[in-house]
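Take a look at the structure set out below.
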Amino acid sequence: NDFGRNGSKPTHPELLDWLALDLMEHGWSLKHLQRRILTSATWRQSGLPRKEALAVDAGSRLLWRFPPRRLEAEVIRDSILRVAGQLNTAMGGPGFRDFKMYRHKGSWVYDPIDPEGSEFNRRSIYRTWARGNVHPLLSPLDCPDPSTTTPTRSITTTPLGALSLMNTSFVLRMSDHLAERLQLEAGDDAKAQITLGFRLAYGREPRGVEIGPCHDFVAKSGLAAFCRVLFNANEFLYVN
């Protein structure tokens, strides 16, 4: 949507020309193009910064690092469901509705609700969109307004996003489910529960310096509160 005067010149025009030629030479296969990009050394770079590079190109327009980016709102929701063991992977069919409809003064009104049940735990791609409906979790995480066109999503860091990840009924319920899963699969040992939580949420073992504070937090605030912390950490929300 930003071609012409509304856009900016590409940072790597020779690279774009080379990729376009490579796409043509391989039968216009988008899968080949995606594979070429995703397996490149540039794409697989670390997100770690370097002082000398930051001084020249803080936004990494020249592709010297992988800029950390937050997951899309729908992906965050789906990831929470997955880690909590509640994701319904059924494919196809009609979408689910997490709003109630009623007429008011000649117009339809769509009020958000948080329905429970497996049929409402499907991937967000199966969520039925209603214009004028504001989702209490997705909207503060920059999910676009369905009543407007949004070619590029904004990514913001606001108190509303953090508060929605801490206090919405969906997150609270999924934290309880994850706590139940940790107790079921790891037993009553707090260290084993913490270790499994890290494996499920972050795909790694907890570091030695992390186990002690986590253990103290679980003892003070409970396992469900610890699960809520896992969902709110940058490591869960961002790709580095």
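Ligands are numbered from 1 in the order shown, residues from 1 within each chain, and chains are lettered A, B, ... in the order they appear in the structure tokens.
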Go through region 113-166 of chain A and flag each residue having an atom no more than 9 Å from region 225-237 of chain A; for those, report the closest pair of atoms plus their distance in Å to one decimal, using only C-alpha atoms, ordered by chain and rising number, as a tab-separated table.
```
residue	atom	partner	partner_atom	distance
A:Ala162	CA	A:Asn232	CA	7.6
A:Leu165	CA	A:Asn232	CA	6.4
A:Met166	CA	A:Arg228	CA	6.9
```
Saved selection, atoms kept: N, CA, C and O atoms, as a tab-separated table (two decimals), in the first residue's frame:
```tsv
chain	number	residue	atom	x	y	z
A	162	ALA	N	-0.09	-5.28	28.60
A	162	ALA	CA	0.40	-6.03	29.75
A	162	ALA	C	-0.73	-6.39	30.70
A	162	ALA	O	-0.79	-7.52	31.23
A	165	LEU	N	-2.81	-9.31	29.47
A	165	LEU	CA	-2.13	-10.59	29.63
A	165	LEU	C	-2.04	-11.03	31.09
A	165	LEU	O	-1.72	-12.18	31.37
A	166	MET	N	-2.31	-10.12	31.99
A	166	MET	CA	-2.27	-10.46	33.41
A	166	MET	C	-3.64	-10.75	34.00
A	166	MET	O	-3.77	-11.54	34.93
```
**Which of region 48-182 of chain A fall in strand (DSSP E), as an NGL selection string** = :A and (69-70 or 99-104 or 107-112)
Selection from above, all heavy atoms, as a short mmCIF file (atom, residue, chain, number, x, y, z; two decimals), in the first residue's frame, can you write it?
```
data_model
loop_
_atom_site.label_atom_id
_atom_site.label_comp_id
_atom_site.auth_asym_id
_atom_site.auth_seq_id
_atom_site.Cartn_x
_atom_site.Cartn_y
_atom_site.Cartn_z
N ARG A 69 10.97 -9.30 17.61
CA ARG A 69 9.62 -8.86 17.27
C ARG A 69 8.62 -9.64 18.12
O ARG A 69 8.82 -10.81 18.42
CB ARG A 69 9.31 -9.06 15.78
CG ARG A 69 9.36 -10.49 15.31
CD ARG A 69 9.02 -10.61 13.83
NE ARG A 69 9.11 -11.98 13.35
CZ ARG A 69 8.15 -12.87 13.44
NH1 ARG A 69 7.01 -12.55 14.02
NH2 ARG A 69 8.30 -14.10 12.98
N ARG A 70 7.55 -8.96 18.48
CA ARG A 70 6.52 -9.61 19.28
C ARG A 70 5.62 -10.44 18.37
O ARG A 70 5.36 -10.09 17.22
CB ARG A 70 5.68 -8.56 20.01
CG ARG A 70 4.90 -9.15 21.19
CD ARG A 70 3.90 -8.16 21.73
NE ARG A 70 2.87 -7.89 20.73
CZ ARG A 70 2.18 -6.76 20.70
NH1 ARG A 70 2.41 -5.79 21.56
NH2 ARG A 70 1.25 -6.57 19.76
N PHE A 99 -18.71 -13.70 21.01
CA PHE A 99 -19.46 -12.49 21.23
C PHE A 99 -20.95 -12.82 21.21
O PHE A 99 -21.36 -13.86 20.69
CB PHE A 99 -19.15 -11.43 20.16
CG PHE A 99 -19.38 -11.91 18.76
CD1 PHE A 99 -20.63 -11.84 18.16
CD2 PHE A 99 -18.33 -12.44 18.02
CE1 PHE A 99 -20.85 -12.28 16.87
CE2 PHE A 99 -18.54 -12.89 16.72
CZ PHE A 99 -19.79 -12.82 16.14
N LYS A 100 -21.75 -11.94 21.78
CA LYS A 100 -23.20 -12.10 21.71
C LYS A 100 -23.79 -10.94 20.91
O LYS A 100 -23.30 -9.80 21.00
CB LYS A 100 -23.82 -12.16 23.11
CG LYS A 100 -23.61 -10.93 23.97
CD LYS A 100 -24.27 -11.11 25.33
CE LYS A 100 -24.08 -9.87 26.20
NZ LYS A 100 -24.71 -10.03 27.53
N MET A 101 -24.81 -11.23 20.12
CA MET A 101 -25.42 -10.24 19.23
C MET A 101 -26.80 -9.86 19.75
O MET A 101 -27.55 -10.71 20.24
CB MET A 101 -25.55 -10.82 17.81
CG MET A 101 -24.26 -11.28 17.19
SD MET A 101 -24.54 -12.21 15.65
CE MET A 101 -25.67 -11.11 14.77
N TYR A 102 -27.13 -8.61 19.62
CA TYR A 102 -28.49 -8.16 19.90
C TYR A 102 -28.71 -6.82 19.19
O TYR A 102 -27.77 -6.09 18.88
CB TYR A 102 -28.73 -8.03 21.40
CG TYR A 102 -27.84 -7.05 22.12
CD1 TYR A 102 -28.22 -5.71 22.27
CD2 TYR A 102 -26.61 -7.46 22.65
CE1 TYR A 102 -27.42 -4.81 22.94
CE2 TYR A 102 -25.80 -6.56 23.31
CZ TYR A 102 -26.20 -5.25 23.45
OH TYR A 102 -25.39 -4.34 24.10
N ARG A 103 -29.97 -6.53 18.94
CA ARG A 103 -30.30 -5.28 18.26
C ARG A 103 -30.60 -4.18 19.27
O ARG A 103 -31.25 -4.41 20.29
CB ARG A 103 -31.51 -5.48 17.34
CG ARG A 103 -31.23 -6.38 16.15
CD ARG A 103 -32.41 -6.40 15.18
NE ARG A 103 -32.59 -5.12 14.53
CZ ARG A 103 -31.96 -4.75 13.42
NH1 ARG A 103 -31.09 -5.59 12.83
NH2 ARG A 103 -32.19 -3.57 12.86
N HIS A 104 -30.07 -3.01 18.97
CA HIS A 104 -30.29 -1.85 19.84
C HIS A 104 -30.51 -0.62 18.98
O HIS A 104 -29.63 -0.21 18.22
CB HIS A 104 -29.08 -1.64 20.77
CG HIS A 104 -29.22 -0.46 21.67
ND1 HIS A 104 -30.14 -0.41 22.69
CD2 HIS A 104 -28.56 0.74 21.70
CE1 HIS A 104 -30.04 0.74 23.33
NE2 HIS A 104 -29.09 1.46 22.74
N SER A 107 -29.79 -1.14 15.25
CA SER A 107 -28.46 -1.58 14.83
C SER A 107 -28.05 -2.81 15.63
O SER A 107 -28.48 -3.00 16.78
CB SER A 107 -27.43 -0.46 15.04
OG SER A 107 -27.76 0.68 14.28
N TRP A 108 -27.20 -3.63 14.99
CA TRP A 108 -26.68 -4.81 15.68
C TRP A 108 -25.51 -4.40 16.58
O TRP A 108 -24.65 -3.62 16.19
CB TRP A 108 -26.21 -5.86 14.68
CG TRP A 108 -27.32 -6.63 14.05
CD1 TRP A 108 -27.82 -6.49 12.79
CD2 TRP A 108 -28.10 -7.65 14.67
NE1 TRP A 108 -28.86 -7.36 12.57
CE2 TRP A 108 -29.05 -8.09 13.71
CE3 TRP A 108 -28.10 -8.24 15.94
CZ2 TRP A 108 -29.97 -9.10 13.99
CZ3 TRP A 108 -29.02 -9.23 16.21
CH2 TRP A 108 -29.94 -9.65 15.25
N VAL A 109 -25.51 -4.95 17.78
CA VAL A 109 -24.43 -4.71 18.74
C VAL A 109 -23.75 -6.05 19.03
O VAL A 109 -24.42 -7.07 19.18
CB VAL A 109 -24.98 -4.10 20.05
CG1 VAL A 109 -23.86 -3.92 21.07
CG2 VAL A 109 -25.67 -2.77 19.76
N TYR A 110 -22.43 -6.02 19.10
CA TYR A 110 -21.65 -7.25 19.33
C TYR A 110 -20.84 -7.06 20.61
O TYR A 110 -19.85 -6.32 20.64
CB TYR A 110 -20.72 -7.52 18.15
CG TYR A 110 -21.42 -7.59 16.82
CD1 TYR A 110 -21.58 -6.45 16.03
CD2 TYR A 110 -21.94 -8.78 16.35
CE1 TYR A 110 -22.23 -6.51 14.81
CE2 TYR A 110 -22.58 -8.86 15.12
CZ TYR A 110 -22.73 -7.71 14.37
OH TYR A 110 -23.38 -7.76 13.15
N ASP A 111 -21.25 -7.70 21.66
CA ASP A 111 -20.55 -7.61 22.94
C ASP A 111 -19.62 -8.80 23.12
O ASP A 111 -20.04 -9.95 22.94
CB ASP A 111 -21.55 -7.58 24.10
CG ASP A 111 -22.21 -6.22 24.25
OD1 ASP A 111 -21.70 -5.26 23.66
OD2 ASP A 111 -23.23 -6.14 24.97
N PRO A 112 -18.35 -8.55 23.46
CA PRO A 112 -17.42 -9.66 23.65
C PRO A 112 -17.77 -10.48 24.88
O PRO A 112 -18.20 -9.95 25.91
CB PRO A 112 -16.07 -8.96 23.82
CG PRO A 112 -16.41 -7.60 24.33
CD PRO A 112 -17.73 -7.25 23.69
#
```
**Message:** Give me, as a list in words, all polymer residues having an atom no more than 8 Å from Asp145 (chain A), counting only C-alpha atoms and skipping those fewer than 6 positions away in the same chain.
**Reply:**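 These residues fall inside the cut-off: Arg131, Gly132, Val134 and Ser139 of chain A.
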**Request:** Would you please give, as a VMD selection string, all residues of region 1-237 of chain A that DSSP assigns to alpha helix (DSSP H) based on the backbone?
**Result:** chain A and resid 13 to 25 30 to 38 51 to 56 73 to 83 159 to 167 169 to 186 190 to 202 208 to 221 223 to 232 234 to 237
**Message:** Residues near His177 (chain A), anyone? I mean within 9 Å using only C-alpha atoms, not counting same-chain ones fewer than 5 positions away, as JSON, numbers by chain.
**Reply:** {"A": [84, 85, 86, 172, 182, 224]}
**Asked** Between A:Trp28, A:Phe66, A:Phe96, A:Trp18, which has the minimum distance to Thr42 (chain A) (counting only C-alpha atoms)?
**Response**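 For Thr42 (chain A), the nearest of the candidates is A:Phe66.
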**Message:** Quick one: residues within 6 Å of Gly95 (chain A), only C-alpha atoms, excluding same-chain residues fewer than 6 positions away - as a ChimeraX atom specification?
**Reply:** /A:126-128
Save out the residues we just selected, N, CA and C atoms, as an mmCIF file, in the first residue's frame.
```
data_model
loop_
_atom_site.group_PDB
_atom_site.id
_atom_site.type_symbol
_atom_site.label_atom_id
_atom_site.label_comp_id
_atom_site.auth_asym_id
_atom_site.auth_seq_id
_atom_site.Cartn_x
_atom_site.Cartn_y
_atom_site.Cartn_z
ATOM 1 N N TYR A 126 -10.008 -19.554 13.195
ATOM 2 C CA TYR A 126 -11.409 -19.975 13.112
ATOM 3 C C TYR A 126 -12.333 -19.067 13.931
ATOM 4 N N ARG A 127 -11.809 -17.984 14.438
ATOM 5 C CA ARG A 127 -12.634 -17.047 15.200
ATOM 6 C C ARG A 127 -13.468 -16.218 14.238
ATOM 7 N N THR A 128 -14.759 -16.131 14.479
ATOM 8 C CA THR A 128 -15.656 -15.318 13.662
ATOM 9 C C THR A 128 -15.481 -13.852 14.035
#
```
**Contacts of Leu62 (chain A) at 8 Å (only C-alpha atoms; same-chain gap of 2+ positions) as a PyMOL selection string** = chain A and resi 11-12+57+60+64
Just-selected residues, N, CA, C and O atoms written as an mmCIF file, in the first residue's frame:
```
data_model
loop_
_atom_site.group_PDB
_atom_site.id
_atom_site.type_symbol
_atom_site.label_atom_id
_atom_site.label_comp_id
_atom_site.auth_asym_id
_atom_site.auth_seq_id
_atom_site.Cartn_x
_atom_site.Cartn_y
_atom_site.Cartn_z
ATOM 1 N N THR A 11 16.413 -0.997 0.687
ATOM 2 C CA THR A 11 17.782 -0.944 1.205
ATOM 3 C C THR A 11 18.718 -1.860 0.434
ATOM 4 O O THR A 11 19.927 -1.646 0.411
ATOM 5 N N HIS A 12 18.151 -2.911 -0.212
ATOM 6 C CA HIS A 12 18.967 -3.892 -0.925
ATOM 7 C C HIS A 12 18.352 -4.157 -2.304
ATOM 8 O O HIS A 12 17.801 -5.236 -2.554
ATOM 9 N N ASP A 57 23.159 1.571 12.490
ATOM 10 C CA ASP A 57 21.865 1.112 11.965
ATOM 11 C C ASP A 57 21.075 0.459 13.087
ATOM 12 O O ASP A 57 20.975 -0.766 13.168
ATOM 13 N N SER A 60 18.269 -2.023 12.164
ATOM 14 C CA SER A 60 18.678 -3.191 11.367
ATOM 15 C C SER A 60 18.036 -3.193 9.974
ATOM 16 O O SER A 60 17.661 -4.234 9.449
ATOM 17 N N TRP A 64 21.733 -6.681 9.574
ATOM 18 C CA TRP A 64 22.914 -7.198 10.264
ATOM 19 C C TRP A 64 22.551 -8.029 11.487
ATOM 20 O O TRP A 64 23.398 -8.691 12.072
#
```
**Message:** My list of candidates is A:Ile80, A:Ala201, A:Met91, A:Ala219. Which is closest to Ser175 (chain A) when distances are computed with only C-alpha atoms?
**Reply:**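 Among the listed residues, A:Ile80 lies closest to Ser175 (chain A).
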